[in-house]
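Everything below belongs to protein09.cif, which stores mmCIF, C-alpha atoms.
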data_data
loop_
_atom_site.group_PDB
_atom_site.id
_atom_site.type_symbol
_atom_site.label_atom_id
_atom_site.label_comp_id
_atom_site.auth_asym_id
_atom_site.auth_seq_id
_atom_site.Cartn_x
_atom_site.Cartn_y
_atom_site.Cartn_z
ATOM 1 C CA MET X 299 0.000 0.000 0.000
ATOM 2 C CA ASN X 300 1.260 3.463 -0.897
ATOM 3 C CA LYS X 301 2.129 5.889 1.885
ATOM 4 C CA LEU X 302 0.574 9.353 2.200
ATOM 5 C CA LEU X 303 2.001 12.724 3.193
ATOM 6 C CA LYS X 304 -0.870 14.910 4.406
ATOM 7 C CA ALA X 305 -0.929 18.585 5.311
ATOM 8 C CA CYS X 306 -4.074 19.904 6.970
ATOM 9 C CA ARG X 307 -4.619 23.673 7.147
ATOM 10 C CA ILE X 308 -1.050 24.599 8.030
ATOM 11 C CA ASN X 309 -0.225 28.243 8.755
ATOM 12 C CA LYS X 310 3.031 30.009 9.550
ATOM 13 C CA SER X 311 3.960 33.630 10.255
ATOM 14 C CA ILE X 312 7.351 35.204 10.908
ATOM 15 C CA ARG X 313 7.456 38.625 12.576
ATOM 16 C CA ASN X 314 3.746 39.143 11.833
ATOM 17 C CA HIS X 315 4.277 38.333 8.148
ATOM 18 C CA LYS X 316 2.188 35.411 6.888
ATOM 19 C CA ILE X 317 4.380 33.045 4.866
ATOM 20 C CA LEU X 318 2.112 29.964 4.704
ATOM 21 C CA THR X 319 -1.676 30.330 4.600
ATOM 22 C CA ASP X 320 -4.158 27.520 5.239
ATOM 23 C CA ILE X 321 -2.318 24.904 3.151
ATOM 24 C CA SER X 322 -3.847 21.445 2.761
ATOM 25 C CA PHE X 323 -3.018 18.571 0.416
ATOM 26 C CA GLU X 324 -2.511 14.816 0.215
ATOM 27 C CA LEU X 325 0.536 13.394 -1.591
ATOM 28 C CA GLU X 326 1.043 9.713 -2.410
ATOM 29 C CA SER X 327 4.245 7.692 -2.719
ATOM 30 C CA GLY X 328 5.196 6.589 -6.219
ATOM 31 C CA HIS X 329 4.250 9.990 -7.674
ATOM 32 C CA VAL X 330 6.064 13.196 -8.637
ATOM 33 C CA TYR X 331 4.519 16.485 -7.519
ATOM 34 C CA GLY X 332 5.509 19.839 -8.991
ATOM 35 C CA LEU X 333 5.354 23.062 -6.984
ATOM 36 C CA TRP X 334 5.882 26.208 -9.019
ATOM 37 C CA GLY X 335 5.768 29.885 -8.207
ATOM 38 C CA ARG X 336 7.923 32.980 -8.359
ATOM 39 C CA ASN X 337 10.854 33.462 -6.004
ATOM 40 C CA GLY X 338 9.568 34.490 -2.585
ATOM 41 C CA SER X 339 6.198 32.797 -3.022
ATOM 42 C CA GLY X 340 6.794 30.440 -0.071
ATOM 43 C CA LYS X 341 8.034 27.263 -1.774
ATOM 44 C CA THR X 342 11.185 26.891 0.322
ATOM 45 C CA MET X 343 9.323 27.689 3.534
ATOM 46 C CA LEU X 344 6.772 24.990 2.696
ATOM 47 C CA PHE X 345 9.602 22.490 2.227
ATOM 48 C CA ARG X 346 11.054 23.498 5.587
ATOM 49 C CA ALA X 347 7.656 23.042 7.241
ATOM 50 C CA LEU X 348 6.946 19.663 5.608
ATOM 51 C CA SER X 349 10.371 18.288 6.502
ATOM 52 C CA GLY X 350 10.126 19.372 10.137
ATOM 53 C CA LEU X 351 12.966 21.884 9.914
ATOM 54 C CA MET X 352 10.459 24.605 10.805
ATOM 55 C CA LYS X 353 7.415 24.313 13.067
ATOM 56 C CA VAL X 354 4.106 25.666 11.828
ATOM 57 C CA ASP X 355 1.855 27.862 13.967
ATOM 58 C CA SER X 356 -1.269 25.772 13.362
ATOM 59 C CA GLY X 357 -2.444 22.758 11.410
ATOM 60 C CA SER X 358 -0.895 19.308 11.112
ATOM 61 C CA ILE X 359 1.494 17.344 8.905
ATOM 62 C CA CYS X 360 1.283 13.537 8.848
ATOM 63 C CA TRP X 361 3.321 10.835 7.134
ATOM 64 C CA ASP X 362 1.971 7.307 6.898
ATOM 65 C CA GLY X 363 -0.523 7.999 9.686
ATOM 66 C CA GLN X 364 2.014 9.493 12.106
ATOM 67 C CA LYS X 365 2.155 13.152 13.087
ATOM 68 C CA LEU X 366 5.173 15.413 12.619
ATOM 69 C CA HIS X 367 6.494 16.938 15.880
ATOM 70 C CA GLN X 368 4.504 14.354 17.820
ATOM 71 C CA ASP X 369 5.614 10.917 16.622
ATOM 72 C CA PHE X 370 8.906 12.209 15.164
ATOM 73 C CA SER X 371 10.724 15.564 15.093
ATOM 74 C CA VAL X 372 11.628 15.505 11.383
ATOM 75 C CA LEU X 373 10.274 13.373 8.562
ATOM 76 C CA PRO X 374 11.904 9.944 8.619
ATOM 77 C CA ASN X 375 13.586 8.569 5.489
ATOM 78 C CA LEU X 376 13.759 12.001 3.873
ATOM 79 C CA GLY X 377 16.186 13.221 1.229
ATOM 80 C CA ILE X 378 16.080 16.994 0.766
ATOM 81 C CA VAL X 379 17.851 19.748 -1.169
ATOM 82 C CA LEU X 380 17.244 23.328 -0.065
ATOM 83 C CA GLU X 381 18.937 26.581 -1.108
ATOM 84 C CA HIS X 382 22.111 25.939 0.890
ATOM 85 C CA ALA X 383 23.463 22.401 0.993
ATOM 86 C CA GLY X 384 25.616 22.960 4.106
ATOM 87 C CA LEU X 385 28.462 20.728 2.941
ATOM 88 C CA TYR X 386 32.037 21.030 4.179
ATOM 89 C CA PRO X 387 34.242 23.217 1.924
ATOM 90 C CA ASN X 388 37.538 21.440 2.641
ATOM 91 C CA MET X 389 36.271 17.883 2.068
ATOM 92 C CA THR X 390 35.969 16.078 -1.252
ATOM 93 C CA GLY X 391 32.540 15.047 -2.495
ATOM 94 C CA MET X 392 33.066 11.471 -1.334
ATOM 95 C CA GLU X 393 34.290 12.636 2.084
ATOM 96 C CA ASN X 394 31.260 14.889 2.504
ATOM 97 C CA LEU X 395 28.770 12.154 1.658
ATOM 98 C CA SER X 396 30.603 9.546 3.721
ATOM 99 C CA TYR X 397 30.464 11.858 6.730
ATOM 100 C CA LEU X 398 26.729 12.433 6.287
ATOM 101 C CA ALA X 399 26.101 8.730 5.708
ATOM 102 C CA GLY X 400 27.802 7.982 9.011
ATOM 103 C CA ILE X 401 25.001 9.764 10.896
ATOM 104 C CA LYS X 402 22.203 7.351 9.941
ATOM 105 C CA LYS X 403 24.466 4.461 8.911
ATOM 106 C CA THR X 404 22.068 3.408 6.143
ATOM 107 C CA ALA X 405 24.249 4.147 3.084
ATOM 108 C CA ASN X 406 27.499 2.243 2.515
ATOM 109 C CA ARG X 407 30.404 3.269 0.275
ATOM 110 C CA GLN X 408 28.962 1.465 -2.739
ATOM 111 C CA MET X 409 25.645 3.320 -2.387
ATOM 112 C CA ILE X 410 27.488 6.646 -2.114
ATOM 113 C CA CYS X 411 29.541 5.900 -5.244
ATOM 114 C CA GLU X 412 26.430 4.913 -7.165
ATOM 115 C CA ALA X 413 24.603 8.100 -6.119
ATOM 116 C CA MET X 414 27.523 10.271 -7.252
ATOM 117 C CA GLU X 415 27.806 8.459 -10.572
ATOM 118 C CA ARG X 416 24.057 8.821 -11.189
ATOM 119 C CA VAL X 417 24.361 12.612 -11.051
ATOM 120 C CA GLY X 418 27.536 12.641 -13.156
ATOM 121 C CA LEU X 419 30.225 13.037 -10.498
ATOM 122 C CA ASP X 420 33.416 11.011 -10.119
ATOM 123 C CA PRO X 421 33.496 9.505 -6.591
ATOM 124 C CA TYR X 422 37.299 9.479 -6.715
ATOM 125 C CA ASP X 423 37.729 13.128 -7.725
ATOM 126 C CA LYS X 424 40.186 14.644 -5.231
ATOM 127 C CA ARG X 425 38.956 18.212 -5.631
ATOM 128 C CA ILE X 426 37.552 19.663 -2.435
ATOM 129 C CA TYR X 427 34.011 21.034 -2.335
ATOM 130 C CA ARG X 428 34.929 24.738 -2.352
ATOM 131 C CA LYS X 429 36.627 24.207 -5.730
ATOM 132 C CA TYR X 430 33.491 22.701 -7.239
ATOM 133 C CA SER X 431 31.555 24.655 -9.861
ATOM 134 C CA MET X 432 27.979 25.678 -9.042
ATOM 135 C CA GLY X 433 26.682 22.802 -11.151
ATOM 136 C CA MET X 434 28.913 20.263 -9.397
ATOM 137 C CA LYS X 435 27.711 21.510 -6.014
ATOM 138 C CA GLN X 436 24.114 21.041 -7.124
ATOM 139 C CA ARG X 437 24.839 17.520 -8.375
ATOM 140 C CA LEU X 438 26.475 16.609 -5.056
ATOM 141 C CA ALA X 439 23.522 18.002 -3.094
ATOM 142 C CA ILE X 440 21.146 15.823 -5.103
ATOM 143 C CA ALA X 441 23.419 12.788 -4.668
ATOM 144 C CA GLN X 442 23.250 13.220 -0.871
ATOM 145 C CA ALA X 443 19.460 13.467 -1.091
ATOM 146 C CA VAL X 444 19.091 10.082 -2.831
ATOM 147 C CA MET X 445 22.053 8.042 -1.573
ATOM 148 C CA GLU X 446 20.101 6.469 1.310
ATOM 149 C CA GLN X 447 17.147 5.486 -0.912
ATOM 150 C CA PRO X 448 14.685 7.674 1.021
ATOM 151 C CA ASP X 449 10.906 7.291 1.016
ATOM 152 C CA ILE X 450 10.442 11.038 0.421
ATOM 153 C CA ILE X 451 12.578 13.284 -1.799
ATOM 154 C CA MET X 452 12.200 17.087 -1.809
ATOM 155 C CA LEU X 453 14.250 19.039 -4.343
ATOM 156 C CA ASP X 454 14.138 22.843 -4.329
ATOM 157 C CA GLU X 455 15.137 24.210 -7.774
ATOM 158 C CA PRO X 456 16.775 20.903 -8.835
ATOM 159 C CA ALA X 457 18.030 22.300 -12.173
ATOM 160 C CA ASN X 458 19.809 25.251 -10.527
ATOM 161 C CA GLY X 459 23.298 25.710 -12.020
ATOM 162 C CA LEU X 460 23.115 22.587 -14.180
ATOM 163 C CA ASP X 461 24.139 22.354 -17.825
ATOM 164 C CA GLU X 462 22.096 20.380 -20.361
ATOM 165 C CA SER X 463 23.850 17.109 -19.472
ATOM 166 C CA GLY X 464 23.239 17.657 -15.776
ATOM 167 C CA VAL X 465 19.554 18.444 -16.296
ATOM 168 C CA TRP X 466 19.135 15.248 -18.330
ATOM 169 C CA LYS X 467 20.816 13.161 -15.622
ATOM 170 C CA ILE X 468 18.657 14.631 -12.856
ATOM 171 C CA ARG X 469 15.483 14.080 -14.865
ATOM 172 C CA THR X 470 16.491 10.455 -15.386
ATOM 173 C CA LEU X 471 17.253 10.081 -11.682
ATOM 174 C CA ILE X 472 13.852 11.516 -10.695
ATOM 175 C CA ARG X 473 12.037 9.086 -12.984
ATOM 176 C CA GLN X 474 14.043 6.195 -11.525
ATOM 177 C CA GLU X 475 13.247 7.242 -7.965
ATOM 178 C CA LYS X 476 9.561 7.428 -8.842
ATOM 179 C CA GLU X 477 9.725 3.876 -10.226
ATOM 180 C CA ARG X 478 11.397 2.796 -6.986
ATOM 181 C CA GLY X 479 8.293 4.055 -5.170
ATOM 182 C CA ALA X 480 9.537 7.294 -3.615
ATOM 183 C CA LEU X 481 7.288 10.298 -3.087
ATOM 184 C CA ILE X 482 8.965 13.176 -4.916
ATOM 185 C CA LEU X 483 8.196 16.866 -4.451
ATOM 186 C CA LEU X 484 9.930 19.338 -6.771
ATOM 187 C CA ALA X 485 9.883 23.122 -6.486
ATOM 188 C CA SER X 486 10.809 25.621 -9.188
ATOM 189 C CA HIS X 487 10.021 29.138 -10.384
ATOM 190 C CA SER X 488 9.629 27.602 -13.865
ATOM 191 C CA ARG X 489 6.382 25.815 -14.621
ATOM 192 C CA GLU X 490 7.901 24.327 -17.785
ATOM 193 C CA ASP X 491 10.551 22.490 -15.745
ATOM 194 C CA MET X 492 7.830 20.949 -13.581
ATOM 195 C CA THR X 493 5.487 19.826 -16.359
ATOM 196 C CA LEU X 494 8.164 17.576 -17.866
ATOM 197 C CA LEU X 495 8.346 15.465 -14.698
ATOM 198 C CA ALA X 496 5.343 16.010 -12.459
ATOM 199 C CA ASP X 497 2.234 13.833 -12.322
ATOM 200 C CA HIS X 498 0.431 16.585 -10.418
ATOM 201 C CA MET X 499 1.041 20.324 -10.247
ATOM 202 C CA TYR X 500 0.514 22.929 -7.531
ATOM 203 C CA HIS X 501 0.926 26.674 -7.861
ATOM 204 C CA MET X 502 2.192 28.755 -4.941
ATOM 205 C CA SER X 503 1.627 32.495 -4.606
ATOM 206 C CA ASP X 504 2.058 34.655 -1.499
ATOM 207 C CA GLY X 505 2.097 31.614 0.771
ATOM 208 C CA SER X 506 -1.078 30.054 -0.618
ATOM 209 C CA LEU X 507 -1.390 26.847 -2.625
ATOM 210 C CA THR X 508 -3.706 26.023 -5.489
ATOM 211 C CA GLY X 509 -3.990 23.141 -7.948
ATOM 212 C CA GLY X 510 -3.236 19.453 -7.497
ATOM 213 C CA ALA X 511 -4.737 18.145 -10.719
ATOM 214 C CA GLY X 512 -2.848 15.754 -12.954
ATOM 215 C CA VAL X 513 -0.659 17.393 -15.588
#
As a first step, turn the structure in this file into structure tokens.
Amino acid sequence: MNKLLKACRINKSIRNHKILTDISFELESGHVYGLWGRNGSGKTMLFRALSGLMKVDSGSICWDGQKLHQDFSVLPNLGIVLEHAGLYPNMTGMENLSYLAGIKKTANRQMICEAMERVGLDPYDKRIYRKYSMGMKQRLAIAQAVMEQPDIIMLDEPANGLDESGVWKIRTLIRQEKERGALILLASHSREDMTLLADHMYHMSDGSLTGGAGV
């Protein structure tokens, strides 16, 4: 049976500024969902709320029948890419992912190598992270999001900084993760990017969400 990620009337304000307004939806594993809207529309904040990195003021978020911030503090089995990857500048790509994998101990060296190769990175490249190009940094961030074969994958602006080859690889990866049964949520300011991959589309504007129909 497929698992469900449900949001029920979630609201969030920061310094009296409403950033999420009465958002509700139901997302199912094995599907790709596209979230599009201009920069500043609330997409990243919604990702932070859904993942558990930010608490909402009201409403509830549930995964597979369990409630966020009640049954767990952050979503379990989550792979996520936000605006800033937070990787270590003086480590290689392999060293960065190996360090992160050591926290949960669910991804071994082979899984890390495979994730890097899937996004077009050489696991044995000795360059340190701060010498990576913007596109390489984005590829590594996506590799860390999928290396542990998570149940939920959230990618904020997945094509950011990527050349044509990189975009093709990430699109292929997303389709493969969908086939594996992951729930995938993509966010972009470009609706065109989303329609190529998403089964269902949502539009975000000023912290409010509309849509949800199949593409």
Reference answer for the PyMOL selection byres ((chain X and resi 365) around 12), as number ranges by chain: X: 302-306, 348-350, 357-364, 366-374
Å distance separating CA of Ile410 (chain X) from CA of Leu395 (chain X), one decimal place: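 CA of Leu395 (chain X) lies 6.8 Å from CA of Ile410 (chain X).
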For Ala457 (chain X), the nearest of the candidates X:His501, X:Arg428, X:Arg469, X:Arg407, counting all atoms listed in the file: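 Going through X:His501, X:Arg428, X:Arg469, X:Arg407 one by one, the smallest distance to Ala457 (chain X) is for X:Arg469.
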Residue neighbourhood Arg478 (chain X), 12 Å, only C-alpha atoms, exclusion window fewer than 2 positions, as a list in words: Asn300, Ser327, Gly328, His329, Val330, Val444, Gln447, Pro448, Asp449, Ile450, Ile451, Leu471, Ile472, Arg473, Gln474, Glu475, Lys476, Ala480, Leu481 and Ile482 of chain X
Separation of CA of Met492 (chain X) from CA of Tyr427 (chain X), in Å and rounded to one decimal: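 The value is 28.5 Å.
Going from CA of Asp420 (chain X) to CA of Ala496 (chain X) covers 28.6 Å.
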Ref. answer, residues at most 8 Å from (14.5, 17.2, -20.1) with only C-alpha atoms, as a list in words: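 Those residues, ordered by chain and then number, are Val465, Trp466, Arg469, Asp491 and Leu494 of chain X.
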Write out as CSV a residue-level contact list of region 395-455 of chain X versus region 385-389 of chain X with cut-off 10 Å: for each qualifying residue the closest pair of atoms and the distance in Å to one decimal, counting all atoms listed in the file, rows sorted by chain and residue number upward.
residue,atom,partner,partner_atom,distance
X:Leu395,CA,X:Leu385,CA,8.7
X:Tyr397,CA,X:Met389,CA,9.6
X:Leu398,CA,X:Leu385,CA,9.1
X:Lys424,CA,X:Met389,CA,8.9
X:Arg425,CA,X:Met389,CA,8.2
X:Ile426,CA,X:Met389,CA,5.0
X:Tyr427,CA,X:Pro387,CA,4.8
X:Arg428,CA,X:Pro387,CA,4.6
X:Lys429,CA,X:Pro387,CA,8.1
X:Tyr430,CA,X:Pro387,CA,9.2
X:Lys435,CA,X:Leu385,CA,9.0
X:Leu438,CA,X:Leu385,CA,9.2
X:Ala439,CA,X:Leu385,CA,8.3
X:Gln442,CA,X:Leu385,CA,9.9
Pick from X:Glu415, X:Asp497, X:Glu490, X:Asp504, whichever lies nearest to Gly464 (chain X) using only C-alpha atoms: X:Glu415
